[in-house]
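Structure file upload32.tsv with TSV, C-alpha atoms:
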chain	number	residue	atom	x	y	z
E	1	MET	CA	2.61	8.80	-28.58
E	2	LYS	CA	3.01	12.41	-27.45
E	3	THR	CA	4.29	12.89	-23.91
E	4	THR	CA	1.16	14.69	-22.77
E	5	ASP	CA	-0.97	11.84	-24.14
E	6	THR	CA	1.17	9.35	-22.24
E	7	LEU	CA	0.87	11.37	-19.04
E	8	LEU	CA	-2.90	11.72	-19.36
E	9	LEU	CA	-3.28	8.01	-20.08
E	10	MET	CA	-1.19	7.15	-17.01
E	11	LEU	CA	-3.10	9.60	-14.84
E	12	GLY	CA	-6.45	8.14	-15.92
E	13	GLN	CA	-5.40	4.51	-15.42
E	14	PHE	CA	-3.77	5.04	-12.03
E	15	ALA	CA	-6.67	7.19	-10.83
E	16	LEU	CA	-9.06	4.36	-11.71
E	17	MET	CA	-6.87	1.80	-9.94
E	18	SER	CA	-6.84	4.07	-6.89
E	19	LEU	CA	-10.52	3.41	-6.26
E	20	PHE	CA	-10.04	-0.37	-6.43
E	21	ALA	CA	-6.89	-0.54	-4.33
E	22	ILE	CA	-8.45	-2.38	-1.40
E	23	GLY	CA	-5.65	-3.09	1.02
E	24	GLY	CA	-3.32	-0.59	-0.66
E	25	ALA	CA	-0.79	-0.65	-3.46
E	26	ASN	CA	0.10	-4.33	-3.09
E	27	SER	CA	-3.37	-5.24	-4.36
E	28	VAL	CA	-3.16	-3.27	-7.61
E	29	LEU	CA	0.32	-4.33	-8.70
E	30	PRO	CA	-1.03	-7.02	-11.08
E	31	GLU	CA	-3.22	-4.38	-12.74
E	32	MET	CA	-0.24	-2.04	-13.11
E	33	HIS	CA	1.72	-4.90	-14.61
E	34	ARG	CA	-1.07	-5.60	-17.07
E	35	PHE	CA	-1.19	-1.92	-18.06
E	36	VAL	CA	2.48	-0.90	-18.29
E	37	VAL	CA	4.04	-4.24	-19.33
E	38	GLU	CA	1.40	-6.18	-21.24
E	39	GLN	CA	-0.75	-3.47	-22.84
E	40	GLN	CA	1.65	-0.57	-23.37
E	41	GLY	CA	5.00	-2.38	-23.45
E	42	TRP	CA	6.62	0.51	-21.55
E	43	LEU	CA	8.57	-1.82	-19.28
E	44	THR	CA	9.89	-5.34	-19.61
E	45	HIS	CA	8.77	-8.07	-17.24
E	46	GLN	CA	12.18	-8.03	-15.53
E	47	LYS	CA	12.37	-4.21	-15.21
E	48	PHE	CA	8.94	-4.17	-13.58
E	49	ALA	CA	10.11	-6.68	-10.98
E	50	GLU	CA	13.32	-4.71	-10.40
E	51	LEU	CA	11.40	-1.49	-9.74
E	52	PHE	CA	9.09	-3.33	-7.36
E	53	GLY	CA	12.07	-4.77	-5.45
E	54	LEU	CA	13.75	-1.36	-5.41
E	55	ALA	CA	10.67	0.25	-3.86
E	56	GLN	CA	10.81	-2.32	-1.04
E	57	GLY	CA	14.32	-1.15	-0.19
E	58	VAL	CA	13.45	2.53	0.08
E	59	PRO	CA	11.89	4.05	3.20
E	60	GLY	CA	8.31	5.23	2.84
E	61	PRO	CA	4.93	3.76	1.98
E	62	ASN	CA	5.45	0.93	-0.49
E	63	MET	CA	2.96	2.52	-2.89
E	64	LEU	CA	5.92	4.60	-4.07
E	65	VAL	CA	6.68	1.85	-6.58
E	66	VAL	CA	4.29	3.85	-8.80
E	67	ALA	CA	6.73	6.78	-8.71
E	68	LEU	CA	9.46	4.47	-10.03
E	69	ILE	CA	7.21	3.12	-12.76
E	70	GLY	CA	6.17	6.63	-13.76
E	71	TYR	CA	9.77	7.84	-13.71
E	72	HIS	CA	10.87	4.99	-15.91
E	73	VAL	CA	8.13	5.69	-18.46
E	74	ALA	CA	8.09	9.50	-18.56
E	75	GLY	CA	10.70	10.96	-16.21
E	76	LEU	CA	9.83	13.23	-13.31
E	77	PRO	CA	6.43	14.33	-14.70
E	78	GLY	CA	5.56	10.65	-15.08
E	79	ALA	CA	6.54	9.94	-11.48
E	80	LEU	CA	4.40	12.82	-10.19
E	81	VAL	CA	1.41	11.93	-12.37
E	82	CYS	CA	1.42	8.26	-11.33
E	83	THR	CA	1.81	9.08	-7.63
E	84	ILE	CA	-0.93	11.70	-7.63
E	85	GLY	CA	-3.14	9.43	-9.75
E	86	LEU	CA	-2.82	6.50	-7.36
E	87	ILE	CA	-3.47	8.43	-4.13
E	88	GLY	CA	-5.77	11.20	-5.42
E	89	PRO	CA	-9.19	9.54	-5.78
E	90	SER	CA	-8.83	7.25	-2.76
E	91	SER	CA	-7.73	10.21	-0.63
E	92	LEU	CA	-10.68	12.29	-1.78
E	93	LEU	CA	-13.03	9.41	-0.95
E	94	THR	CA	-11.43	9.03	2.48
E	95	PHE	CA	-11.87	12.74	3.12
E	96	LEU	CA	-15.57	12.61	2.19
E	97	VAL	CA	-16.24	9.51	4.30
E	98	TYR	CA	-14.27	10.83	7.28
E	99	ARG	CA	-16.50	13.88	7.46
E	100	VAL	CA	-19.53	11.67	8.14
E	101	TRP	CA	-17.58	8.93	9.95
E	102	ASP	CA	-18.82	9.92	13.40
E	103	ARG	CA	-22.24	8.64	12.42
E	104	PHE	CA	-21.07	5.23	11.25
E	105	ARG	CA	-18.12	4.43	13.44
E	106	GLY	CA	-18.49	1.15	15.23
E	107	SER	CA	-21.67	0.23	13.34
E	108	ALA	CA	-22.27	-3.41	12.52
E	109	TRP	CA	-21.64	-3.01	8.81
E	110	GLN	CA	-18.28	-1.34	9.34
E	111	GLU	CA	-17.01	-4.50	10.94
E	112	LEU	CA	-18.82	-6.63	8.34
E	113	ILE	CA	-17.13	-4.88	5.41
E	114	GLN	CA	-13.76	-5.17	7.11
E	115	ALA	CA	-14.20	-8.89	7.75
E	116	ALA	CA	-15.49	-9.52	4.22
E	117	ALA	CA	-12.80	-7.52	2.43
E	118	ALA	CA	-9.86	-9.06	4.31
E	119	PRO	CA	-9.69	-12.45	2.52
E	120	VAL	CA	-10.18	-10.85	-0.91
E	121	THR	CA	-7.28	-8.52	-0.12
E	122	VAL	CA	-5.08	-11.47	0.87
E	123	GLY	CA	-5.86	-13.16	-2.45
E	124	LEU	CA	-4.84	-10.00	-4.32
E	125	VAL	CA	-1.60	-9.57	-2.36
E	126	LEU	CA	-0.64	-13.21	-2.99
E	127	ALA	CA	-1.46	-12.70	-6.69
E	128	THR	CA	0.96	-9.78	-6.67
E	129	GLY	CA	3.57	-12.06	-5.10
E	130	TYR	CA	3.01	-14.64	-7.84
E	131	ILE	CA	3.19	-12.14	-10.69
E	132	VAL	CA	6.28	-10.38	-9.37
E	133	THR	CA	7.97	-13.76	-8.77
E	134	MET	CA	7.27	-14.84	-12.35
E	135	ALA	CA	8.65	-11.52	-13.59
E	136	ALA	CA	11.73	-11.50	-11.35
E	137	ASP	CA	12.97	-15.05	-11.33
E	138	GLU	CA	14.55	-16.66	-14.37
E	139	THR	CA	16.81	-19.21	-12.70
E	140	TRP	CA	16.24	-21.76	-9.95
E	141	GLN	CA	18.69	-19.80	-7.80
E	142	ALA	CA	16.46	-16.71	-8.05
E	143	PHE	CA	13.38	-18.78	-7.16
E	144	ALA	CA	15.29	-20.11	-4.16
E	145	VAL	CA	16.02	-16.53	-3.03
E	146	THR	CA	12.33	-15.57	-3.35
E	147	ALA	CA	11.22	-18.66	-1.42
E	148	GLY	CA	13.93	-18.19	1.19
E	149	VAL	CA	13.07	-14.52	1.78
E	150	ALA	CA	9.36	-15.35	2.04
E	151	ILE	CA	9.97	-18.11	4.60
E	152	LEU	CA	12.51	-16.12	6.64
E	153	THR	CA	10.27	-13.05	6.72
E	154	VAL	CA	7.33	-15.07	8.01
E	155	THR	CA	9.36	-17.00	10.58
E	156	THR	CA	11.81	-14.38	11.88
E	157	ARG	CA	11.57	-10.75	12.93
E	158	ALA	CA	14.72	-9.60	11.10
E	159	HIS	CA	14.59	-6.31	9.22
E	160	PRO	CA	13.57	-6.79	5.55
E	161	LEU	CA	16.53	-4.65	4.43
E	162	ILE	CA	18.84	-7.49	5.55
E	163	TRP	CA	17.28	-9.91	3.04
E	164	LEU	CA	17.30	-7.29	0.27
E	165	ALA	CA	21.00	-6.58	0.92
E	166	ILE	CA	21.97	-10.26	0.97
E	167	ALA	CA	20.01	-10.90	-2.24
E	168	ALA	CA	21.61	-7.86	-3.92
E	169	ALA	CA	25.07	-9.13	-2.94
E	170	LEU	CA	24.32	-12.63	-4.31
E	171	GLY	CA	23.13	-11.02	-7.54
E	172	ALA	CA	26.17	-8.74	-7.82
E	173	LEU	CA	28.43	-11.78	-7.41
E	174	GLY	CA	26.66	-13.32	-10.40
E	175	LEU	CA	25.14	-16.18	-8.41
E	176	LEU	CA	21.49	-15.69	-9.51
G	1	MET	CA	-17.67	21.39	7.82
G	2	CYS	CA	-18.92	22.11	11.33
G	3	ARG	CA	-15.90	21.24	13.39
G	4	SER	CA	-17.54	22.52	16.54
G	5	GLY	CA	-20.44	20.11	16.05
G	6	ARG	CA	-18.03	17.25	15.72
G	7	ALA	CA	-16.20	18.36	18.79
G	8	ALA	CA	-19.45	18.46	20.75
G	9	ARG	CA	-20.39	14.95	19.67
G	10	ARG	CA	-16.93	13.70	20.61
G	11	GLN	CA	-17.53	14.61	24.24
G	12	ASP	CA	-20.21	11.93	24.41
G	13	ASP	CA	-18.11	9.47	22.54
G	14	ARG	CA	-16.29	8.41	25.67
G	15	PRO	CA	-14.20	5.44	24.62
G	16	LEU	CA	-12.59	7.49	21.89
G	17	THR	CA	-11.94	10.68	23.79
G	18	GLU	CA	-10.87	9.25	27.10
G	19	SER	CA	-7.36	10.57	27.31
G	20	LEU	CA	-7.52	13.18	24.60
G	21	PRO	CA	-7.55	16.85	25.51
G	22	SER	CA	-10.21	18.80	23.64
G	23	PRO	CA	-9.50	18.84	19.91
G	24	ARG	CA	-6.39	20.91	19.76
G	25	ARG	CA	-4.66	22.46	16.81
G	26	ILE	CA	-1.48	21.03	15.38
G	27	THR	CA	0.29	23.26	12.90
G	28	PRO	CA	0.72	22.08	9.30
G	29	LEU	CA	4.49	22.23	9.82
G	30	GLU	CA	4.26	19.82	12.76
G	31	LEU	CA	2.07	17.52	10.68
G	32	PHE	CA	4.55	17.66	7.82
G	33	ILE	CA	7.51	16.84	10.06
G	34	GLY	CA	5.61	14.11	11.91
G	35	PHE	CA	4.48	12.30	8.78
G	36	ALA	CA	7.87	12.71	7.08
G	37	GLY	CA	9.37	11.04	10.16
G	38	ILE	CA	6.90	8.16	9.85
G	39	ALA	CA	7.66	7.73	6.16
G	40	LEU	CA	11.42	7.76	6.59
G	41	SER	CA	11.51	5.31	9.47
G	42	GLY	CA	9.49	2.55	7.84
G	43	PHE	CA	10.33	0.09	5.08
G	44	GLY	CA	7.41	-1.70	3.48
G	45	GLY	CA	4.97	-1.31	6.35
G	46	VAL	CA	5.04	2.04	8.12
G	47	MET	CA	2.03	1.44	10.38
G	48	PRO	CA	3.96	0.46	13.53
G	49	PHE	CA	5.99	3.67	13.22
G	50	ALA	CA	2.83	5.70	12.64
G	51	ARG	CA	1.41	4.35	15.87
G	52	ARG	CA	4.58	5.03	17.83
G	53	MET	CA	4.75	8.62	16.59
G	54	MET	CA	1.09	9.63	16.80
G	55	VAL	CA	0.00	7.74	19.91
G	56	GLU	CA	3.09	7.29	22.06
G	57	ARG	CA	5.51	10.10	21.29
G	58	ARG	CA	3.44	13.09	20.25
G	59	GLN	CA	0.09	11.98	21.68
G	60	TRP	CA	-1.92	13.40	18.83
G	61	LEU	CA	-4.34	10.49	19.18
G	62	THR	CA	-5.36	8.00	21.82
G	63	ALA	CA	-4.78	4.32	21.11
G	64	ALA	CA	-8.53	3.87	20.48
G	65	GLU	CA	-8.65	6.79	18.06
G	66	PHE	CA	-5.64	5.45	16.18
G	67	THR	CA	-7.24	2.01	15.86
G	68	ASP	CA	-10.48	3.66	14.72
G	69	LEU	CA	-8.71	5.60	11.95
G	70	VAL	CA	-6.80	2.51	10.83
G	71	SER	CA	-10.04	0.57	10.51
G	72	LEU	CA	-11.58	3.42	8.52
G	73	GLY	CA	-8.49	3.39	6.29
G	74	GLN	CA	-8.91	-0.34	5.82
G	75	ILE	CA	-12.46	-0.35	4.51
G	76	LEU	CA	-11.63	2.38	1.99
G	77	PRO	CA	-9.42	1.87	-1.06
G	78	GLY	CA	-5.91	3.30	-1.16
G	79	PRO	CA	-2.85	2.86	1.03
G	80	ASN	CA	-4.04	2.72	4.63
G	81	ILE	CA	-1.39	5.07	6.03
G	82	VAL	CA	-2.22	7.66	3.35
G	83	ASN	CA	-5.89	7.48	4.36
G	84	VAL	CA	-4.95	7.89	8.02
G	85	SER	CA	-2.83	10.94	7.17
G	86	ILE	CA	-5.81	12.55	5.41
G	87	CYS	CA	-8.01	12.16	8.50
G	88	VAL	CA	-5.35	13.34	10.96
G	89	GLY	CA	-4.39	16.29	8.77
G	90	TRP	CA	-8.01	17.40	8.39
G	91	ARG	CA	-8.84	16.93	12.01
G	92	PHE	CA	-6.02	19.06	13.40
G	93	ALA	CA	-5.40	21.65	10.70
G	94	GLY	CA	-8.11	21.48	8.04
G	95	ALA	CA	-7.28	21.47	4.34
G	96	ALA	CA	-3.76	22.82	4.93
G	97	GLY	CA	-3.24	19.93	7.33
G	98	ILE	CA	-4.19	17.37	4.68
G	99	PHE	CA	-1.67	18.77	2.22
G	100	ALA	CA	1.02	19.09	4.88
G	101	ALA	CA	0.52	15.50	6.07
G	102	LEU	CA	0.51	14.13	2.51
G	103	ALA	CA	3.57	16.17	1.59
G	104	GLY	CA	5.49	14.73	4.53
G	105	LEU	CA	4.30	11.15	4.11
G	106	VAL	CA	4.49	10.83	0.33
G	107	PHE	CA	6.49	13.63	-1.21
G	108	VAL	CA	9.51	13.47	1.13
G	109	PRO	CA	10.27	9.78	0.45
G	110	PHE	CA	9.23	10.43	-3.16
G	111	TRP	CA	12.55	12.19	-3.82
G	112	ILE	CA	14.56	9.36	-2.29
G	113	VAL	CA	12.69	6.90	-4.48
G	114	ILE	CA	13.40	9.08	-7.52
G	115	GLY	CA	17.08	9.13	-6.54
G	116	PHE	CA	17.10	5.32	-6.66
G	117	GLY	CA	15.19	5.46	-9.94
G	118	ILE	CA	17.94	7.63	-11.43
G	119	ILE	CA	20.63	5.21	-10.22
G	120	HIS	CA	18.64	2.34	-11.70
G	121	ALA	CA	18.19	4.13	-15.03
G	122	THR	CA	21.86	5.18	-15.22
G	123	TYR	CA	23.70	2.10	-14.01
G	124	GLY	CA	21.06	-0.60	-14.45
G	125	GLU	CA	22.84	-2.12	-17.45
G	126	VAL	CA	26.27	-2.44	-15.80
G	127	PRO	CA	26.57	-6.24	-15.30
G	128	ARG	CA	27.30	-6.25	-11.54
G	129	VAL	CA	24.63	-3.64	-10.84
G	130	GLN	CA	22.18	-5.52	-13.03
G	131	GLY	CA	22.94	-8.64	-11.02
G	132	ALA	CA	22.29	-6.77	-7.78
G	133	PHE	CA	18.95	-5.51	-9.11
G	134	MET	CA	17.99	-9.07	-10.09
G	135	GLY	CA	18.70	-10.10	-6.50
G	136	ILE	CA	16.63	-7.20	-5.16
G	137	ALA	CA	13.76	-8.14	-7.47
G	138	ALA	CA	13.83	-11.76	-6.30
G	139	ALA	CA	13.90	-10.71	-2.64
G	140	GLY	CA	11.16	-8.11	-3.19
G	141	ALA	CA	8.90	-10.84	-4.55
G	142	GLY	CA	9.61	-12.90	-1.44
G	143	LEU	CA	8.71	-9.95	0.81
G	144	VAL	CA	5.29	-9.44	-0.75
G	145	ILE	CA	4.54	-13.19	-0.58
G	146	ALA	CA	5.43	-13.03	3.12
G	147	THR	CA	3.09	-10.05	3.57
G	148	GLY	CA	0.25	-12.07	2.03
G	149	LEU	CA	1.01	-15.12	4.17
G	150	LYS	CA	1.13	-13.07	7.38
G	151	MET	CA	-2.21	-11.49	6.51
G	152	ALA	CA	-3.64	-14.96	5.84
G	153	ARG	CA	-2.46	-16.41	9.15
G	154	PRO	CA	-5.49	-15.41	11.28
G	155	MET	CA	-7.84	-16.76	8.58
G	156	ILE	CA	-6.45	-20.30	8.51
G	157	GLY	CA	-9.39	-21.78	10.41
G	158	SER	CA	-12.07	-20.27	8.18
G	159	ILE	CA	-13.07	-22.23	5.08
G	160	GLN	CA	-15.07	-19.24	3.87
G	161	ALA	CA	-12.01	-16.95	4.04
G	162	LEU	CA	-9.80	-19.54	2.33
G	163	ILE	CA	-12.29	-19.81	-0.54
G	164	PHE	CA	-12.19	-16.06	-1.13
G	165	ILE	CA	-8.37	-16.00	-0.90
G	166	VAL	CA	-8.22	-18.72	-3.58
G	167	LEU	CA	-10.83	-16.98	-5.74
G	168	GLY	CA	-9.01	-13.63	-5.57
G	169	PHE	CA	-5.65	-15.23	-6.27
G	170	GLY	CA	-6.96	-17.38	-9.11
G	171	ALA	CA	-8.87	-14.58	-10.84
G	172	ILE	CA	-5.89	-12.21	-10.85
G	173	ALA	CA	-2.77	-14.42	-10.94
G	174	ILE	CA	-3.99	-17.41	-12.98
G	175	MET	CA	-6.90	-16.11	-15.09
G	176	ARG	CA	-5.27	-12.66	-15.41
G	177	TRP	CA	-8.68	-11.01	-15.28
G	178	PRO	CA	-8.76	-7.22	-14.86
G	179	LEU	CA	-8.78	-5.96	-11.28
G	180	MET	CA	-11.88	-3.75	-11.30
G	181	PRO	CA	-14.59	-6.34	-12.08
G	182	VAL	CA	-12.82	-8.93	-9.93
G	183	VAL	CA	-12.82	-6.63	-6.90
G	184	LEU	CA	-16.41	-5.56	-7.44
G	185	VAL	CA	-17.75	-9.11	-7.79
G	186	LEU	CA	-15.64	-10.76	-5.07
G	187	ALA	CA	-16.09	-7.96	-2.51
G	188	THR	CA	-19.86	-8.00	-3.04
G	189	LEU	CA	-20.02	-11.81	-2.84
G	190	SER	CA	-17.84	-11.85	0.25
G	191	ILE	CA	-20.02	-9.27	2.01
G	192	LEU	CA	-23.20	-11.21	1.14
G	193	VAL	CA	-21.78	-14.54	2.28
G	194	THR	CA	-20.39	-13.05	5.50
G	195	ALA	CA	-23.73	-11.37	6.27
G	196	TRP	CA	-25.65	-14.59	5.48
G	197	ILE	CA	-23.44	-16.76	7.70
G	198	ARG	CA	-23.71	-14.26	10.56
G	199	GLY	CA	-27.47	-14.08	10.10
G	200	ARG	CA	-27.76	-17.85	10.58
G	201	ARG	CA	-25.81	-17.82	13.83
Rendering of file as structure tokens:
Amino acid sequence: MKTTDTLLLMLGQFALMSLFAIGGANSVLPEMHRFVVEQQGWLTHQKFAELFGLAQGVPGPNMLVVALIGYHVAGLPGALVCTIGLIGPSSLLTFLVYRVWDRFRGSAWQELIQAAAAPVTVGLVLATGYIVTMAADETWQAFAVTAGVAILTVTTRAHPLIWLAIAAALGALGLL
Amino acid sequence: MCRSGRAARRQDDRPLTESLPSPRRITPLELFIGFAGIALSGFGGVMPFARRMMVERRQWLTAAEFTDLVSLGQILPGPNIVNVSICVGWRFAGAAGIFAALAGLVFVPFWIVIGFGIIHATYGEVPRVQGAFMGIAAAGAGLVIATGLKMARPMIGSIQALIFIVLGFGAIAIMRWPLMPVVLVLATLSILVTAWIRGRR
């Protein structure tokens, strides 16, 4: 495939995902996985999980995992195209709604939509957790790290970088 | 559009304007620096840092206005903090403000992320580095599961919410159905059910 074709395809797919990203990037990860790993074969299962983990360890909105995916597929232009694709349409929609927001703020349906969307979003985020786990973990030790990090993050207030650093050290020592 | 009209309406909108001086101007440069600061101080979730910067330190927004923008960001698709930056940028500096805020929030950390991407692409096959990346991947998966669980915590008592969590999870993770139809159908169903249950009360 020509590079421009690849870039256009990525732009179109990520722009479409943008409009369905309720609750942000964590909800559309499974769709990205389906597109870049399963349909196009641009990334392996494991690489996808590595890029996702890497994005968690970098400051900034966690949607920037799309920049890593784009970079891996098509270098810097790929990173730019994926990032702009994922935030472009949703940002435009936000801009349009914000201009008339004064009229609707605090209305009954605003709260209704929020309450109704929340559980669907949780389902999507947990689905992302499941898919990334299946991609990342090949040994029981790796599964134990995933489970341990999940439990410790829910039960303690420690900085997530601590868990990423410990897990990276365990991996570098060849223990996973 | 008519910013003066909006400003006039805001005067009546007391809860939201309480402690805010009349809509002032914030330069695009200030917006850029402010949002870059938010982006660089947060890992995973940047919302607490956004609040600290915009409400407490620089007092661009009142607490009520911040909460209002976050709830607008929540009902719209896209990363919430990105949506908030669009509104804040537009409100204080128009179109230039939007681009300045986005540039600070997204395109400053973008280069750091790319730096890590280059390291990953260059050294990712060295055994020790590969091992470290496997560890990071495993931990990253744990972090997102924790995010989902924390979001689910306030819904534990609601059977209706649990049903939609299970439906969303099952459709995407187990059935591997495409996201777009799943979101359309489940969001619509969830809104209808929520409205129906509230109507009966």
Nearby residues (all atoms listed in the file) at most 12 Å from Ala135 of chain E, same-chain spacing under 2 positions excluded, as number ranges by chain: E: 30, 33-34, 37-38, 43-53, 128-133, 137-139, 142-143, 146; G: 134, 137-138, 140-141
Close residues, Val122 of chain E itself excluded, 8 Å, all atoms listed in the file, min 6 positions apart in chain, as a list in words: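 With the cut-off at 8 Å, the set is Gly148, Leu149, Met151, Ala152, Ile165 and Gly168 of chain G.
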Please check which residues have atoms at most 10 Å from (3.4, 11.0, 13.1) in the file's coordinates, counting only C-alpha atoms, and write them as a VMD selection string. chain G and resid 30 to 39 49 to 61 85 88 101 104 to 105
File of the preceding selection, C-alpha atoms, as an mmCIF file, in the frame of the given file:
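Below you can see out14.cif, which holds the result:
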data_model
loop_
_atom_site.group_PDB
_atom_site.id
_atom_site.type_symbol
_atom_site.label_atom_id
_atom_site.label_comp_id
_atom_site.auth_asym_id
_atom_site.auth_seq_id
_atom_site.Cartn_x
_atom_site.Cartn_y
_atom_site.Cartn_z
ATOM 1 C CA GLU G 30 4.260 19.820 12.760
ATOM 2 C CA LEU G 31 2.070 17.520 10.680
ATOM 3 C CA PHE G 32 4.550 17.660 7.820
ATOM 4 C CA ILE G 33 7.510 16.840 10.060
ATOM 5 C CA GLY G 34 5.610 14.110 11.910
ATOM 6 C CA PHE G 35 4.480 12.300 8.780
ATOM 7 C CA ALA G 36 7.870 12.710 7.080
ATOM 8 C CA GLY G 37 9.370 11.040 10.160
ATOM 9 C CA ILE G 38 6.900 8.160 9.850
ATOM 10 C CA ALA G 39 7.660 7.730 6.160
ATOM 11 C CA PHE G 49 5.990 3.670 13.220
ATOM 12 C CA ALA G 50 2.830 5.700 12.640
ATOM 13 C CA ARG G 51 1.410 4.350 15.870
ATOM 14 C CA ARG G 52 4.580 5.030 17.830
ATOM 15 C CA MET G 53 4.750 8.620 16.590
ATOM 16 C CA MET G 54 1.090 9.630 16.800
ATOM 17 C CA VAL G 55 0.000 7.740 19.910
ATOM 18 C CA GLU G 56 3.090 7.290 22.060
ATOM 19 C CA ARG G 57 5.510 10.100 21.290
ATOM 20 C CA ARG G 58 3.440 13.090 20.250
ATOM 21 C CA GLN G 59 0.090 11.980 21.680
ATOM 22 C CA TRP G 60 -1.920 13.400 18.830
ATOM 23 C CA LEU G 61 -4.340 10.490 19.180
ATOM 24 C CA SER G 85 -2.830 10.940 7.170
ATOM 25 C CA VAL G 88 -5.350 13.340 10.960
ATOM 26 C CA ALA G 101 0.520 15.500 6.070
ATOM 27 C CA GLY G 104 5.490 14.730 4.530
ATOM 28 C CA LEU G 105 4.300 11.150 4.110
#
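Of note, atom CA of Leu189 of chain G and atom CA of Ile163 of chain G are spaced 11.4 Å apart.
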Counting all atoms listed in the file, which residue out of G:Thr67, G:Ser41, G:Ser158, G:Thr27 sits closest to chain E? G:Ser41
List the spatial neighbours of Thr94 of chain E as a list in words - criterion: any atom at most 8 Å away, all atoms listed in the file, same-chain residues fewer than 3 positions off excluded.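 Contacts, with the query itself left out: Ser90, Ser91, Val97 and Tyr98 of chain E; Gly73, Leu76, Asn83, Ile86 and Cys87 of chain G.
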Which polymer residues have any atom within 7 Å of an atom of Val149 of chain E, counting all atoms listed in the file, with same-chain residues fewer than 3 positions away left out, as a list in words? Val145, Thr146, Leu152, Thr153 and Trp163 of chain E; Ala139, Gly142 and Leu143 of chain G
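Proximity ranking of E:Ala74, E:Val125, E:Ala169, E:Leu96 relative to Ile22 of chain E places E:Val125 first, based on all atoms listed in the file.
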Go through E:Ser18, E:Gln39, E:Gln114, E:Gln141 and flag the residue nearest Pro79 of chain G, using all atoms listed in the file for the distances.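 Among E:Ser18, E:Gln39, E:Gln114, E:Gln141, it is E:Ser18 that comes nearest to Pro79 of chain G.
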Just checking: using all atoms listed in the file, which residue out of E:Trp109, E:Ala21, E:Gly75, E:Cys82 ends up closest to chain G?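 Answer, going by the shortest atom-to-atom distance: E:Ala21.
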Taking only C-alpha atoms into account, which of G:Ala132, G:Thr62, G:Val70, G:Ala100 comes nearest chain E?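 Looking at the shortest contact to chain E, the residue is G:Ala132.
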Counting all atoms listed in the file, the option among E:Thr4, E:Asn62, E:Ser27, E:Gln40 closest to chain G: E:Asn62
Atomic distance atom CA of Pro178 of chain G - atom CA of Gly12 of chain E, expressed in Å with one decimal: 15.6 Å
Could you check how far atom CA of Leu192 of chain G sits from atom CA of Ile159 of chain G, in Å to one decimal?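 Atom CA of Ile159 of chain G lies 15.5 Å from atom CA of Leu192 of chain G.
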Write out as JSON, numbers by chain the residues lying within 12 Å of Gly124 of chain G, counting all atoms listed in the file and excluding same-chain residues fewer than 3 positions away. {"E": [46, 47, 50, 51, 54, 72, 172], "G": [116, 117, 118, 119, 120, 121, 127, 128, 129, 130, 131, 132, 133, 134]}
Counting all atoms listed in the file, write as a PyMOL selection string all protein and nucleic acid residues lying at most 9 Å from (-15.8, 0.2, -11.1) in the file's frame. (chain E and resi 16+19-20) or (chain G and resi 180-181+183-184)
